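Participant: Provided below: my_file.pdb, containing PDB, C-alpha atoms and all ligand atoms.
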ATOM      1  CA  MET A 129     -21.795 -16.090  20.261
ATOM      2  CA  GLU A 130     -24.532 -13.477  20.334
ATOM      3  CA  GLY A 131     -25.964 -11.844  17.240
ATOM      4  CA  PRO A 132     -26.269  -9.624  15.447
ATOM      5  CA  ALA A 133     -22.621  -9.506  14.462
ATOM      6  CA  LEU A 134     -20.415  -9.507  11.417
ATOM      7  CA  TYR A 135     -17.053 -11.249  11.820
ATOM      8  CA  ILE A 136     -14.313 -10.419   9.296
ATOM      9  CA  VAL A 137     -12.308 -13.634   9.210
ATOM     10  CA  ALA A 138      -8.838 -13.790   7.638
ATOM     11  CA  THR A 139      -7.895 -17.047   5.899
ATOM     12  CA  PRO A 140      -4.469 -18.407   4.819
ATOM     13  CA  ILE A 141      -2.700 -16.963   1.769
ATOM     14  CA  GLY A 142      -1.102 -20.298   0.970
ATOM     15  CA  ASN A 143      -0.228 -22.237   4.095
ATOM     16  CA  LEU A 144      -3.157 -23.843   5.914
ATOM     17  CA  GLY A 145      -1.081 -23.881   9.100
ATOM     18  CA  ASP A 146      -1.723 -20.150   9.280
ATOM     19  CA  PHE A 147      -5.454 -20.610   9.853
ATOM     20  CA  SER A 148      -5.995 -19.566  13.446
ATOM     21  CA  PRO A 149      -7.848 -21.708  16.001
ATOM     22  CA  ARG A 150     -10.101 -18.725  16.697
ATOM     23  CA  ALA A 151     -10.959 -18.391  12.995
ATOM     24  CA  VAL A 152     -11.994 -22.061  12.954
ATOM     25  CA  GLU A 153     -14.084 -21.550  16.088
ATOM     26  CA  ILE A 154     -15.866 -18.488  14.687
ATOM     27  CA  LEU A 155     -16.652 -20.252  11.399
ATOM     28  CA  ARG A 156     -18.059 -23.195  13.373
ATOM     29  CA  GLU A 157     -20.193 -20.980  15.584
ATOM     30  CA  ALA A 158     -21.470 -18.403  13.104
ATOM     31  CA  ASP A 159     -25.004 -18.829  11.794
ATOM     32  CA  PHE A 160     -23.742 -18.686   8.255
ATOM     33  CA  ILE A 161     -20.684 -17.824   6.183
ATOM     34  CA  ALA A 162     -20.568 -15.231   3.411
ATOM     35  CA  ALA A 163     -17.751 -16.220   1.040
ATOM     36  CA  GLU A 164     -16.191 -14.581  -2.002
ATOM     37  CA  ASP A 165     -16.192 -17.931  -3.789
ATOM     38  CA  THR A 166     -18.086 -20.704  -2.039
ATOM     39  CA  ARG A 167     -16.139 -23.417  -3.931
ATOM     40  CA  VAL A 168     -12.802 -22.088  -2.658
ATOM     41  CA  THR A 169     -14.100 -21.742   0.907
ATOM     42  CA  GLN A 170     -15.749 -25.174   0.774
ATOM     43  CA  LYS A 171     -12.278 -26.720   0.402
ATOM     44  CA  LEU A 172     -11.041 -24.829   3.456
ATOM     45  CA  LEU A 173     -14.100 -25.849   5.476
ATOM     46  CA  ALA A 174     -13.628 -29.478   4.481
ATOM     47  CA  LYS A 175      -9.980 -29.419   5.638
ATOM     48  CA  PHE A 176     -11.029 -28.119   9.049
ATOM     49  CA  ASP A 177     -14.134 -30.229   9.336
ATOM     50  CA  ILE A 178     -16.511 -27.284   9.372
ATOM     51  CA  ALA A 179     -20.069 -27.736   8.112
ATOM     52  CA  LYS A 180     -21.894 -24.442   7.733
ATOM     53  CA  PRO A 181     -24.410 -22.891   5.327
ATOM     54  CA  MET A 182     -22.714 -20.502   2.875
ATOM     55  CA  VAL A 183     -23.813 -17.666   0.625
ATOM     56  CA  SER A 184     -21.641 -16.046  -2.002
ATOM     57  CA  TYR A 185     -20.631 -12.407  -1.628
ATOM     58  CA  TYR A 186     -18.395 -11.180  -4.408
ATOM     59  CA  ALA A 187     -17.597  -8.050  -6.414
ATOM     60  CA  HIS A 188     -20.610  -8.318  -8.719
ATOM     61  CA  ASN A 189     -23.365  -9.121  -6.234
ATOM     62  CA  LEU A 190     -22.390  -6.747  -3.400
ATOM     63  CA  ARG A 191     -25.569  -4.701  -3.693
ATOM     64  CA  GLY A 192     -28.249  -7.378  -3.884
ATOM     65  CA  ARG A 193     -26.509  -9.887  -1.660
ATOM     66  CA  GLY A 194     -25.475  -7.113   0.716
ATOM     67  CA  GLU A 195     -29.130  -6.237   1.325
ATOM     68  CA  GLU A 196     -29.877  -9.890   1.996
ATOM     69  CA  LEU A 197     -26.960 -10.172   4.440
ATOM     70  CA  LEU A 198     -28.022  -6.988   6.206
ATOM     71  CA  GLY A 199     -31.580  -8.328   6.510
ATOM     72  CA  ARG A 200     -30.305 -11.440   8.261
ATOM     73  CA  LEU A 201     -27.956  -9.441  10.485
ATOM     74  CA  ARG A 202     -30.755  -7.052  11.456
ATOM     75  CA  ALA A 203     -32.804 -10.094  12.421
ATOM     76  CA  GLY A 204     -30.046 -11.087  14.886
ATOM     77  CA  ALA A 205     -27.829 -13.467  12.904
ATOM     78  CA  CYS A 206     -24.055 -13.898  13.215
ATOM     79  CA  CYS A 207     -22.291 -13.826   9.868
ATOM     80  CA  ALA A 208     -18.653 -14.719   9.214
ATOM     81  CA  LEU A 209     -17.254 -13.088   6.079
ATOM     82  CA  VAL A 210     -14.294 -14.690   4.306
ATOM     83  CA  SER A 211     -12.553 -14.088   0.993
ATOM     84  CA  ASP A 212     -10.567 -16.558  -1.114
ATOM     85  CA  ALA A 213      -7.341 -15.782   0.746
ATOM     86  CA  GLY A 214      -6.098 -13.253   3.266
ATOM     87  CA  THR A 215      -8.062 -10.505   4.947
ATOM     88  CA  PRO A 216     -11.500  -9.612   3.550
ATOM     89  CA  ALA A 217     -11.999  -5.930   2.621
ATOM     90  CA  ILE A 218      -8.335  -5.557   1.602
ATOM     91  CA  SER A 219      -8.498  -5.647  -2.224
ATOM     92  CA  ASP A 220     -11.311  -8.130  -1.609
ATOM     93  CA  PRO A 221     -15.063  -7.857  -0.913
ATOM     94  CA  GLY A 222     -15.906  -6.585   2.572
ATOM     95  CA  GLU A 223     -15.530  -2.815   2.640
ATOM     96  CA  VAL A 224     -19.150  -2.168   1.609
ATOM     97  CA  ILE A 225     -20.852  -4.527   4.053
ATOM     98  CA  VAL A 226     -18.635  -3.322   6.919
ATOM     99  CA  ALA A 227     -19.600   0.301   6.168
ATOM    100  CA  GLN A 228     -23.274  -0.686   5.992
ATOM    101  CA  CYS A 229     -23.053  -2.468   9.358
ATOM    102  CA  ARG A 230     -21.275   0.508  10.933
ATOM    103  CA  ALA A 231     -23.977   2.843   9.587
ATOM    104  CA  GLU A 232     -26.672   0.704  11.203
ATOM    105  CA  GLY A 233     -24.886   0.074  14.474
ATOM    106  CA  ILE A 234     -24.446  -3.648  13.805
ATOM    107  CA  PRO A 235     -21.280  -4.793  15.606
ATOM    108  CA  VAL A 236     -18.332  -5.762  13.390
ATOM    109  CA  TYR A 237     -15.496  -7.856  14.827
ATOM    110  CA  THR A 238     -12.124  -8.810  13.466
ATOM    111  CA  VAL A 239     -10.649 -12.273  13.414
ATOM    112  CA  PRO A 240      -7.185 -11.232  12.271
ATOM    113  CA  GLY A 241      -4.767 -13.333  10.300
ATOM    114  CA  PRO A 242      -2.801 -13.350   7.049
ATOM    115  CA  CYS A 243      -2.685 -10.330   4.783
ATOM    116  CA  ALA A 244      -0.288 -10.547   1.823
ATOM    117  CA  ALA A 245       0.510  -6.804   1.895
ATOM    118  CA  VAL A 246       1.605  -6.605   5.526
ATOM    119  CA  SER A 247       3.334  -9.994   5.347
ATOM    120  CA  ALA A 248       5.471  -8.824   2.406
ATOM    121  CA  LEU A 249       6.263  -5.448   3.950
ATOM    122  CA  ALA A 250       7.431  -7.040   7.180
ATOM    123  CA  ILE A 251      10.039  -9.197   5.397
ATOM    124  CA  SER A 252      10.982  -6.650   2.704
ATOM    125  CA  GLY A 253      13.956  -4.979   4.349
ATOM    126  CA  LEU A 254      12.460  -1.616   3.338
ATOM    127  CA  PRO A 255      11.332   1.018   5.854
ATOM    128  CA  THR A 256       8.169  -0.155   7.608
ATOM    129  CA  GLY A 257       7.530   2.863   9.853
ATOM    130  CA  ARG A 258       5.226   4.534   7.347
ATOM    131  CA  PHE A 259       3.729   2.894   4.286
ATOM    132  CA  SER A 260       1.005   3.364   1.740
ATOM    133  CA  PHE A 261      -1.126   0.496   0.438
ATOM    134  CA  GLU A 262      -1.921   0.975  -3.250
ATOM    135  CA  GLY A 263      -3.666  -2.336  -4.038
ATOM    136  CA  PHE A 264      -3.903  -3.231  -7.743
ATOM    137  CA  LEU A 265      -2.895  -0.684 -10.369
ATOM    138  CA  SER A 266      -5.205  -0.262 -13.347
ATOM    139  CA  ALA A 267      -4.809  -2.775 -16.176
ATOM    140  CA  LYS A 268      -5.066   0.183 -18.588
ATOM    141  CA  ALA A 269      -1.565   1.462 -19.394
ATOM    142  CA  GLY A 270      -2.538   5.154 -19.397
ATOM    143  CA  GLU A 271      -4.297   4.997 -16.046
ATOM    144  CA  ARG A 272      -1.492   2.918 -14.531
ATOM    145  CA  ARG A 273       1.185   5.371 -15.654
ATOM    146  CA  ALA A 274      -0.823   8.339 -14.398
ATOM    147  CA  ALA A 275      -1.230   6.675 -10.988
ATOM    148  CA  LEU A 276       2.510   5.963 -10.809
ATOM    149  CA  ALA A 277       3.379   9.516 -11.870
ATOM    150  CA  GLU A 278       1.273  10.770  -8.944
ATOM    151  CA  LEU A 279       3.251   8.498  -6.605
ATOM    152  CA  ALA A 280       6.710   9.518  -7.849
ATOM    153  CA  ALA A 281       7.318  11.857  -4.882
ATOM    154  CA  GLU A 282       5.684   9.551  -2.275
ATOM    155  CA  ARG A 283       8.131   9.189   0.612
ATOM    156  CA  ARG A 284       6.526   6.186   2.290
ATOM    157  CA  THR A 285       7.135   2.582   1.231
ATOM    158  CA  MET A 286       4.410   1.699  -1.281
ATOM    159  CA  ILE A 287       2.732  -1.715  -1.441
ATOM    160  CA  PHE A 288       1.108  -3.049  -4.612
ATOM    161  CA  TYR A 289      -0.637  -6.265  -5.536
ATOM    162  CA  GLU A 290       0.015  -7.540  -9.036
ATOM    163  CA  ALA A 291      -1.007 -10.440 -11.244
ATOM    164  CA  PRO A 292       1.903 -12.333 -12.872
ATOM    165  CA  HIS A 293       0.798 -11.619 -16.454
ATOM    166  CA  LYS A 294       0.877  -7.852 -15.784
ATOM    167  CA  LEU A 295       4.094  -7.828 -13.750
ATOM    168  CA  ARG A 296       6.467  -7.025 -16.616
ATOM    169  CA  SER A 297       4.610  -3.960 -17.837
ATOM    170  CA  THR A 298       4.074  -2.761 -14.263
ATOM    171  CA  LEU A 299       7.785  -3.070 -13.454
ATOM    172  CA  SER A 300       8.755  -1.160 -16.637
ATOM    173  CA  ASP A 301       6.250   1.587 -15.836
ATOM    174  CA  MET A 302       7.521   1.776 -12.247
ATOM    175  CA  ALA A 303      11.138   2.061 -13.435
ATOM    176  CA  ALA A 304      10.095   4.870 -15.795
ATOM    177  CA  ALA A 305       8.140   6.711 -13.080
ATOM    178  CA  PHE A 306      10.441   6.169 -10.073
ATOM    179  CA  GLY A 307      13.858   5.631 -11.717
ATOM    180  CA  ALA A 308      15.772   2.384 -12.279
ATOM    181  CA  GLU A 309      17.761   2.800  -9.054
ATOM    182  CA  ARG A 310      14.740   2.806  -6.735
ATOM    183  CA  ARG A 311      14.636  -0.350  -4.586
ATOM    184  CA  ILE A 312      11.824  -2.865  -4.822
ATOM    185  CA  PHE A 313      10.991  -5.989  -2.861
ATOM    186  CA  LEU A 314       9.145  -8.713  -4.740
ATOM    187  CA  GLY A 315       7.358 -11.149  -2.429
ATOM    188  CA  ARG A 316       6.332 -14.152  -4.498
ATOM    189  CA  GLU A 317       4.181 -17.106  -3.419
ATOM    190  CA  LEU A 318       4.438 -16.095   0.228
ATOM    191  CA  THR A 319       3.971 -18.945   2.723
ATOM    192  CA  LYS A 320       3.839 -21.457  -0.172
ATOM    193  CA  LEU A 321       6.261 -24.142  -1.303
ATOM    194  CA  HIS A 322       8.025 -21.903  -3.817
ATOM    195  CA  GLU A 323       8.124 -18.777  -1.673
ATOM    196  CA  GLU A 324      10.683 -16.230  -2.802
ATOM    197  CA  GLY A 325      11.647 -12.783  -1.558
ATOM    198  CA  ILE A 326      13.858 -10.587  -3.714
ATOM    199  CA  LEU A 327      15.131  -7.167  -2.683
ATOM    200  CA  THR A 328      16.587  -5.479  -5.741
ATOM    201  CA  THR A 329      16.272  -2.324  -7.869
ATOM    202  CA  LEU A 330      13.526  -1.600 -10.366
ATOM    203  CA  GLY A 331      16.076  -1.684 -13.198
ATOM    204  CA  GLU A 332      17.300  -5.130 -12.170
ATOM    205  CA  ALA A 333      13.770  -6.405 -11.641
ATOM    206  CA  VAL A 334      12.856  -5.371 -15.206
ATOM    207  CA  ALA A 335      15.920  -7.233 -16.535
ATOM    208  CA  ARG A 336      15.252 -10.334 -14.396
ATOM    209  CA  TYR A 337      11.680 -10.776 -15.576
ATOM    210  CA  GLY A 338      12.549  -9.823 -19.143
ATOM    211  CA  GLU A 339      14.303 -13.204 -19.238
ATOM    212  CA  ASN A 340      12.069 -15.239 -16.938
ATOM    213  CA  GLU A 341       8.310 -15.366 -17.315
ATOM    214  CA  PRO A 342       6.830 -14.355 -13.919
ATOM    215  CA  ARG A 343       4.776 -17.075 -12.243
ATOM    216  CA  GLY A 344       2.711 -17.146  -9.072
ATOM    217  CA  GLU A 345       1.325 -14.419  -6.844
ATOM    218  CA  PHE A 346       3.276 -11.247  -6.185
ATOM    219  CA  VAL A 347       3.313  -8.402  -3.705
ATOM    220  CA  LEU A 348       5.537  -5.475  -4.664
ATOM    221  CA  CYS A 349       6.951  -3.151  -2.014
ATOM    222  CA  VAL A 350       8.607  -0.093  -3.517
ATOM    223  CA  GLU A 351      10.929   2.157  -1.574
ATOM    224  CA  GLY A 352       9.666   5.707  -1.100
ATOM    225  CA  ALA A 353      11.307   8.689  -2.794
ATOM    226  CA  ALA A 354      14.438  10.041  -1.119
ATOM    227  CA  PRO A 355      13.958  13.469   0.471
ATOM    228  CA  GLU A 356      14.938  16.194  -1.972
ATOM    229  CA  GLU A 357      18.354  17.539  -1.119
ATOM    230  CA  LYS A 358      18.081  21.229  -0.387
ATOM    231  CA  LYS A 359      20.638  23.044  -2.516
ATOM    232  CA  VAL A 360      22.469  25.653  -0.469
ATOM    233  CA  LEU A 361      23.008  28.821  -2.468
ATOM    234  CA  THR A 362      26.413  30.473  -2.742
ATOM    235  CA  ALA A 363      26.766  33.999  -1.334
ATOM    236  CA  GLU A 364      26.782  35.335  -4.939
ATOM    237  CA  GLU A 365      23.566  33.491  -5.832
ATOM    238  CA  ALA A 366      21.869  34.524  -2.589
ATOM    239  CA  SER A 367      22.908  38.182  -3.010
ATOM    240  CA  ARG A 368      20.977  38.334  -6.294
ATOM    241  CA  GLU A 369      17.814  37.338  -4.403
ATOM    242  CA  LEU A 370      18.315  40.012  -1.700
ATOM    243  CA  SER A 371      17.068  43.576  -1.882
ATOM    244  CA  GLY A 372      19.547  46.454  -1.808
ATOM    245  CA  GLU A 373      16.832  48.528  -0.200
ATOM    246  CA  GLN A 374      16.635  46.343   2.872
ATOM    247  CA  SER A 375      18.889  46.979   5.851
ATOM    248  CA  ALA A 376      22.067  44.873   6.038
ATOM    249  CA  ARG A 377      20.645  43.218   9.126
ATOM    250  CA  ASP A 378      17.447  42.133   7.334
ATOM    251  CA  ASN A 379      19.502  40.853   4.403
ATOM    252  CA  VAL A 380      21.712  38.781   6.700
ATOM    253  CA  ARG A 381      18.598  37.297   8.288
ATOM    254  CA  ALA A 382      17.075  36.559   4.848
ATOM    255  CA  ALA A 383      20.317  34.901   3.684
ATOM    256  CA  ARG A 384      20.466  32.794   6.866
ATOM    257  CA  GLU A 385      16.877  31.645   6.181
ATOM    258  CA  LYS A 386      18.065  30.445   2.766
ATOM    259  CA  GLY A 387      20.488  28.119   4.579
ATOM    260  CA  LEU A 388      23.716  30.130   4.324
ATOM    261  CA  SER A 389      26.299  30.062   7.117
ATOM    262  CA  ARG A 390      26.741  33.217   9.210
ATOM    263  CA  ASN A 391      29.881  34.289   7.300
ATOM    264  CA  GLU A 392      28.359  33.573   3.901
ATOM    265  CA  ALA A 393      25.184  35.425   4.902
ATOM    266  CA  TYR A 394      27.229  38.535   5.807
ATOM    267  CA  ARG A 395      29.071  38.241   2.500
ATOM    268  CA  ALA A 396      25.787  37.925   0.564
ATOM    269  CA  ALA A 397      24.394  41.023   2.330
ATOM    270  CA  LEU A 398      27.564  42.931   1.463
ATOM    271  CA  LEU A 399      27.391  41.868  -2.176
ATOM    272  CA  ALA A 400      23.720  42.905  -2.338
ATOM    273  CA  LYS A 401      24.614  46.322  -0.877
ATOM    274  CA  ARG A 402      27.459  46.821  -3.375
ATOM    275  CA  ALA A 403      25.245  45.784  -6.294
ATOM    276  CA  ALA A 404      22.596  48.293  -5.183
ATOM    277  CA  GLU A 405      25.229  51.067  -4.879
ATOM    278  CA  GLN A 406      26.621  50.281  -8.344
ATOM    279  CA  ALA A 407      23.112  50.341  -9.802
ATOM    280  CA  GLU A 408      22.546  53.793  -8.302
ATOM    281  CA  GLY A 409      25.723  54.844 -10.146
TER     282      GLY A 409
HETATM  283  N1  LIG A 501      -7.276  -9.761   0.797
HETATM  284  C1  LIG A 501      -6.046 -10.397   0.405
HETATM  285  C2  LIG A 501      -4.983 -10.166   1.488
HETATM  286  O1  LIG A 501      -5.335  -9.751   2.591
HETATM  287  O2  LIG A 501      -3.825 -10.411   1.250
HETATM  288  C3  LIG A 501      -5.589  -9.955  -0.960
HETATM  289  C4  LIG A 501      -6.525 -10.311  -2.053
HETATM  290  S1  LIG A 501      -6.050  -9.784  -3.626
HETATM  291  C5  LIG A 501      -7.480 -10.161  -4.549
HETATM  292  C6  LIG A 501      -4.960 -11.018  -4.175
HETATM  293  C7  LIG A 501      -3.546 -10.512  -4.365
HETATM  294  O3  LIG A 501      -2.836 -10.597  -3.151
HETATM  295  C8  LIG A 501      -2.708 -11.330  -5.345
HETATM  296  O4  LIG A 501      -2.928 -10.915  -6.684
HETATM  297  C9  LIG A 501      -1.304 -11.029  -4.903
HETATM  298  O5  LIG A 501      -0.889  -9.766  -5.364
HETATM  299  C10 LIG A 501      -1.502 -10.946  -3.388
HETATM  300  N2  LIG A 501      -1.270 -12.268  -2.767
HETATM  301  C11 LIG A 501      -2.182 -13.081  -2.217
HETATM  302  N3  LIG A 501      -1.579 -14.174  -1.728
HETATM  303  C12 LIG A 501      -0.268 -14.051  -1.976
HETATM  304  C13 LIG A 501       0.882 -14.849  -1.711
HETATM  305  N4  LIG A 501       0.778 -16.030  -1.114
HETATM  306  N5  LIG A 501       2.093 -14.388  -2.102
HETATM  307  C14 LIG A 501       2.210 -13.202  -2.718
HETATM  308  N6  LIG A 501       1.165 -12.415  -2.994
HETATM  309  C15 LIG A 501      -0.057 -12.834  -2.626
END
Written as structure tokens, how would this file's structure read?
Facilitator:
Amino acid sequence: MEGPALYIVATPIGNLGDFSPRAVEILREADFIAAEDTRVTQKLLAKFDIAKPMVSYYAHNLRGRGEELLGRLRAGACCALVSDAGTPAISDPGEVIVAQCRAEGIPVYTVPGPCAAVSALAISGLPTGRFSFEGFLSAKAGERRAALAELAAERRTMIFYEAPHKLRSTLSDMAAAFGAERRIFLGRELTKLHEEGILTTLGEAVARYGENEPRGEFVLCVEGAAPEEKKVLTAEEASRELSGEQSARDNVRAAREKGLSRNEAYRAALLAKRAAEQAEG
């Protein structure tokens, strides 16, 4: 393993069997490990018999500690970055140091593995072809509702992380913003003993958790908005939008562009012509 290099190492989101042999190897070989919470990572290292110096790198020391990490990387060190669970930099520390390394030409490598968002999406039963990762919504009701209102017309499947104590209010706000009929997949305690996956509607999800206090970790995948059905105008409606001064041919073309059939387009052009004649007296 040649430095300098930053390795972004994914760790299990619940099941230690998901820790990859390569992740273990990289943690063993790195010069040091930067961890979101060294106590959490220490337990993982102990389970896999890894002894390695660690420094903490978490939301509130990104700047100072980031400079220190960069200093060591510039000097040729290999650093493995881990978070408490899942893939670093995805709603977890990592984005800043990766950008800093990229800016300085320090190589960044991935050691892929679990990510709660992608894991939930893959088993959701909702469309996976296009999706949008939304992370955590704001804890402030106003900001949360505004963010959901902006997403109301989003066509892609949307993925959210949520803490159990905020789940009820988030589900109610989602039902208000997206409609009670919109489908949602709730992935709870994925890969753990009490794993549960529920594909239901927002309305039913609100009712379900109104009765049962949510427990554990949740990923929410919400179906995208259905494409708006284009309303086809009647010949009468279309004729009112046509100009009596245009040639019949242009009016037929304009009516066809509004989605009318050939016959209906001719009828609309005729109606527009008659209306123009009547107006002239
Ligand atoms: N970086 C992590 C990843 O790649 O999945 C996510 C970190 S984020 C701080 C933690 C959130 O991920 C939790 O609040 C929950 O929404 C989701 N999460 C993590 N593990 C989970 C699991 N086993 N089951 C369901 N959701 C999980």
Participant: Quick one: residues within 6 Å of ligand LIG 501 (chain A), with all atoms listed in the file, as a ChimeraX atom specification?
Facilitator: /A:141-142,213-216,218-220,243-245,289-291,315-319,345-347
Participant: I'd like to know which of A:Thr166, A:Ser211, A:Asn379, A:Gln228 is closest to Glu195 of chain A, using all atoms listed in the file.
Facilitator: A:Gln228
Participant: When the PyMOL selection byres (((chain A and resi 300) around 12) and not hetatm) is applied to the file above, which residues end up in the set, as a PyMOL selection string?
Facilitator: chain A and resi 269+272-273+276+294-299+301-308+329-338
Participant: Determine, for each residue of segment 200-284 of chain A having at least one atom at most 12 Å from an atom of segment 172-188 of chain A, the closest pair of atoms and their separation in Å to one decimal, counting all atoms listed in the file; order by chain and ascending number, as a tab-separated table.
Facilitator:
residue	atom	partner	partner_atom	distance
A:Arg200	CA	A:Val183	CA	11.8
A:Cys206	CA	A:Pro181	CA	12.0
A:Cys207	CA	A:Met182	CA	9.7
A:Ala208	CA	A:Met182	CA	9.5
A:Leu209	CA	A:Tyr185	CA	8.4
A:Val210	CA	A:Tyr185	CA	9.0
A:Ser211	CA	A:Tyr186	CA	8.5
A:Asp212	CA	A:Leu172	CA	9.5
A:Ala213	CA	A:Leu172	CA	10.1
A:Pro216	CA	A:Tyr186	CA	10.6
A:Ala217	CA	A:Ala187	CA	10.8
A:Ser219	CA	A:Ala187	CA	10.3
A:Asp220	CA	A:Ala187	CA	7.9
A:Pro221	CA	A:Tyr186	CA	5.9
A:Gly222	CA	A:Tyr185	CA	8.6
A:Glu223	CA	A:Ala187	CA	10.7
A:Val224	CA	A:Ala187	CA	10.1
A:Ile225	CA	A:Tyr185	CA	9.7
Participant: Using only C-alpha atoms, determine which residues lie at most 12 Å from Leu399 of chain A, disregarding the query and same-chain residues fewer than 5 positions distant; provide the list as a list of chain:residue names.
Facilitator: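 So the residues in contact are A:Thr362, A:Ala363, A:Glu364, A:Glu365, A:Ala366, A:Ser367, A:Arg368, A:Glu369, A:Leu370, A:Ser371, A:Gly372, A:Ala376, A:Asn379, A:Val380, A:Ala383, A:Glu392, A:Ala393, A:Tyr394, A:Ala404, A:Glu405, A:Gln406.
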Participant: Could you check which of A:Ala353, A:Arg167, A:Cys229, A:Glu341 is closest to Arg284 of chain A, using all atoms listed in the file?
Facilitator: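 Of all the options, A:Ala353 lies closest to Arg284 of chain A.
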Participant: Per residue of segment 180-287 of chain A within 12 Å of segment 320-327 of chain A, record the nearest atom pair and its distance in Å to one decimal, counting all atoms listed in the file, with rows in chain order and ascending residue number, as CSV.
Facilitator:
residue,atom,partner,partner_atom,distance
A:Ala244,CA,A:Lys320,CA,11.8
A:Ser247,CA,A:Gly325,CA,11.2
A:Ala248,CA,A:Gly325,CA,8.3
A:Leu249,CA,A:Gly325,CA,10.6
A:Ala250,CA,A:Gly325,CA,11.3
A:Ile251,CA,A:Gly325,CA,8.0
A:Ser252,CA,A:Leu327,CA,6.8
A:Gly253,CA,A:Leu327,CA,7.5
A:Leu254,CA,A:Leu327,CA,8.6
Participant: Please write the residues picked by the PyMOL selection byres (((chain A and resi 259) around 6) and not hetatm) on this file as a PyMOL selection string.
Facilitator: chain A and resi 258+260+284-286
Participant: I need the residue nearest Asn189 of chain A from this list: A:Ser389, A:Ala354, A:Ala162, A:Phe147. Use only C-alpha atoms for the distance.
Facilitator: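 Of the candidates, the smallest distance to Asn189 of chain A is held by A:Ala162.
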Participant: Can you tell me how far atom CA of Leu190 of chain A sits from atom CA of Ile287 of chain A, in Å to one decimal?
Facilitator: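 Taking atom CA of Leu190 of chain A as the start and atom CA of Ile287 of chain A as the end point, the length is 25.7 Å.
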Participant: Got a minute to add N, CA and C atoms to segment 362-374 of chain A and dump it as a JSON list (two decimals), in the frame of the given file?
Facilitator:
[["chain", "number", "residue", "atom", "x", "y", "z"],
["A", 362, "THR", "N", 25.16, 29.77, -3.06],
["A", 362, "THR", "CA", 26.41, 30.47, -2.74],
["A", 362, "THR", "C", 26.04, 31.90, -2.33],
["A", 363, "ALA", "N", 27.02, 32.61, -1.75],
["A", 363, "ALA", "CA", 26.77, 34.00, -1.33],
["A", 363, "ALA", "C", 26.40, 34.85, -2.56],
["A", 364, "GLU", "N", 27.07, 34.57, -3.71],
["A", 364, "GLU", "CA", 26.78, 35.34, -4.94],
["A", 364, "GLU", "C", 25.34, 35.10, -5.38],
["A", 365, "GLU", "N", 24.94, 33.81, -5.40],
["A", 365, "GLU", "CA", 23.57, 33.49, -5.83],
["A", 365, "GLU", "C", 22.55, 34.13, -4.88],
["A", 366, "ALA", "N", 22.81, 33.99, -3.58],
["A", 366, "ALA", "CA", 21.87, 34.52, -2.59],
["A", 366, "ALA", "C", 21.77, 36.04, -2.71],
["A", 367, "SER", "N", 22.91, 36.71, -2.97],
["A", 367, "SER", "CA", 22.91, 38.18, -3.01],
["A", 367, "SER", "C", 21.96, 38.69, -4.10],
["A", 368, "ARG", "N", 21.85, 37.91, -5.19],
["A", 368, "ARG", "CA", 20.98, 38.33, -6.29],
["A", 368, "ARG", "C", 19.50, 38.26, -5.90],
["A", 369, "GLU", "N", 19.21, 37.45, -4.85],
["A", 369, "GLU", "CA", 17.81, 37.34, -4.40],
["A", 369, "GLU", "C", 17.51, 38.31, -3.25],
["A", 370, "LEU", "N", 18.52, 39.06, -2.79],
["A", 370, "LEU", "CA", 18.32, 40.01, -1.70],
["A", 370, "LEU", "C", 18.01, 41.39, -2.26],
["A", 371, "SER", "N", 17.41, 42.23, -1.43],
["A", 371, "SER", "CA", 17.07, 43.58, -1.88],
["A", 371, "SER", "C", 18.08, 44.59, -1.33],
["A", 372, "GLY", "N", 18.61, 45.42, -2.23],
["A", 372, "GLY", "CA", 19.55, 46.45, -1.81],
["A", 372, "GLY", "C", 18.87, 47.51, -0.95],
["A", 373, "GLU", "N", 17.55, 47.52, -0.99],
["A", 373, "GLU", "CA", 16.83, 48.53, -0.20],
["A", 373, "GLU", "C", 16.61, 48.09, 1.24],
["A", 374, "GLN", "N", 16.81, 46.83, 1.49],
["A", 374, "GLN", "CA", 16.64, 46.34, 2.87],
["A", 374, "GLN", "C", 17.87, 46.67, 3.69]]
